[in-house]
Amino acid sequence: MLYLTMIIFIISLLMTAMLIFFSKKTFNDREKNSPFECGFDPKNTARLPFSLHFFLIAIIFIIFDVELTLLLPMILTTKTSSFMSLSFALIIFIWILLYGIYHETSLGALNWTI
């Protein structure tokens with residue numbers, strides 16, 4: 001058991017040494033070592049104006065992405081629930097989503113040309 005542990009330890013040390021030796025990472029590039037912040041320059045001030053349209057589209061995406069997590073389990077309940085109750089729930093759910101899209105388009109939140 002001791003020999004197996006020693007062999008595993010030596011192999012992991014050799015692999016770590018090979019990784020350090022053969023890696024081509026350079027520490028001279030300032031841009032590569034800086035964090036990437038969604039296209040913002042991290043070396044400038046953080047109080048730059050932020051696009052409200054980008055924020056609204058991100059929120060709308062999150063809302064309609066969460067609705068998929070609510071819609072997919074309804075497919076699994078088709079075997080255990082009645083057809084009428086499942087149809088009624090799906091129709092109301094899709095109606096709420098369509099009303100949300102209509103509301104967003106009527107407010108102009110989905111227009112990028114403002």
# chains A, B, ... in the order shown; residues from 1 in each chain; ligands from 1

$ residues_around --residues "segment 102-113 of chain A" --least-positions-apart "4" --cutoff "7 Å" --atoms "only C-alpha atoms" --output "list in words"
His53, Leu56 and Leu98 of chain A

$ atom_distance --atom1 "atom CA of Ser23 of chain A" --atom2 "atom CA of Ile11 of chain A"
17.9 Å

$ residues_around --residues "segment 62-71 of chain A" --least-positions-apart "2" --cutoff "12 Å" --atoms "only C-alpha atoms" --output "PyMOL selection string"
chain A and resi 55-60+73-78+86+89-94+96-98+100-101+104

$ atom_distance --atom1 "atom CA of Trp95 of chain A" --atom2 "atom CA of Leu52 of chain A"
27.0 Å

$ atom_distance --atom1 "atom CA of Phe21 of chain A" --atom2 "atom CA of Ile7 of chain A"
20.9 Å
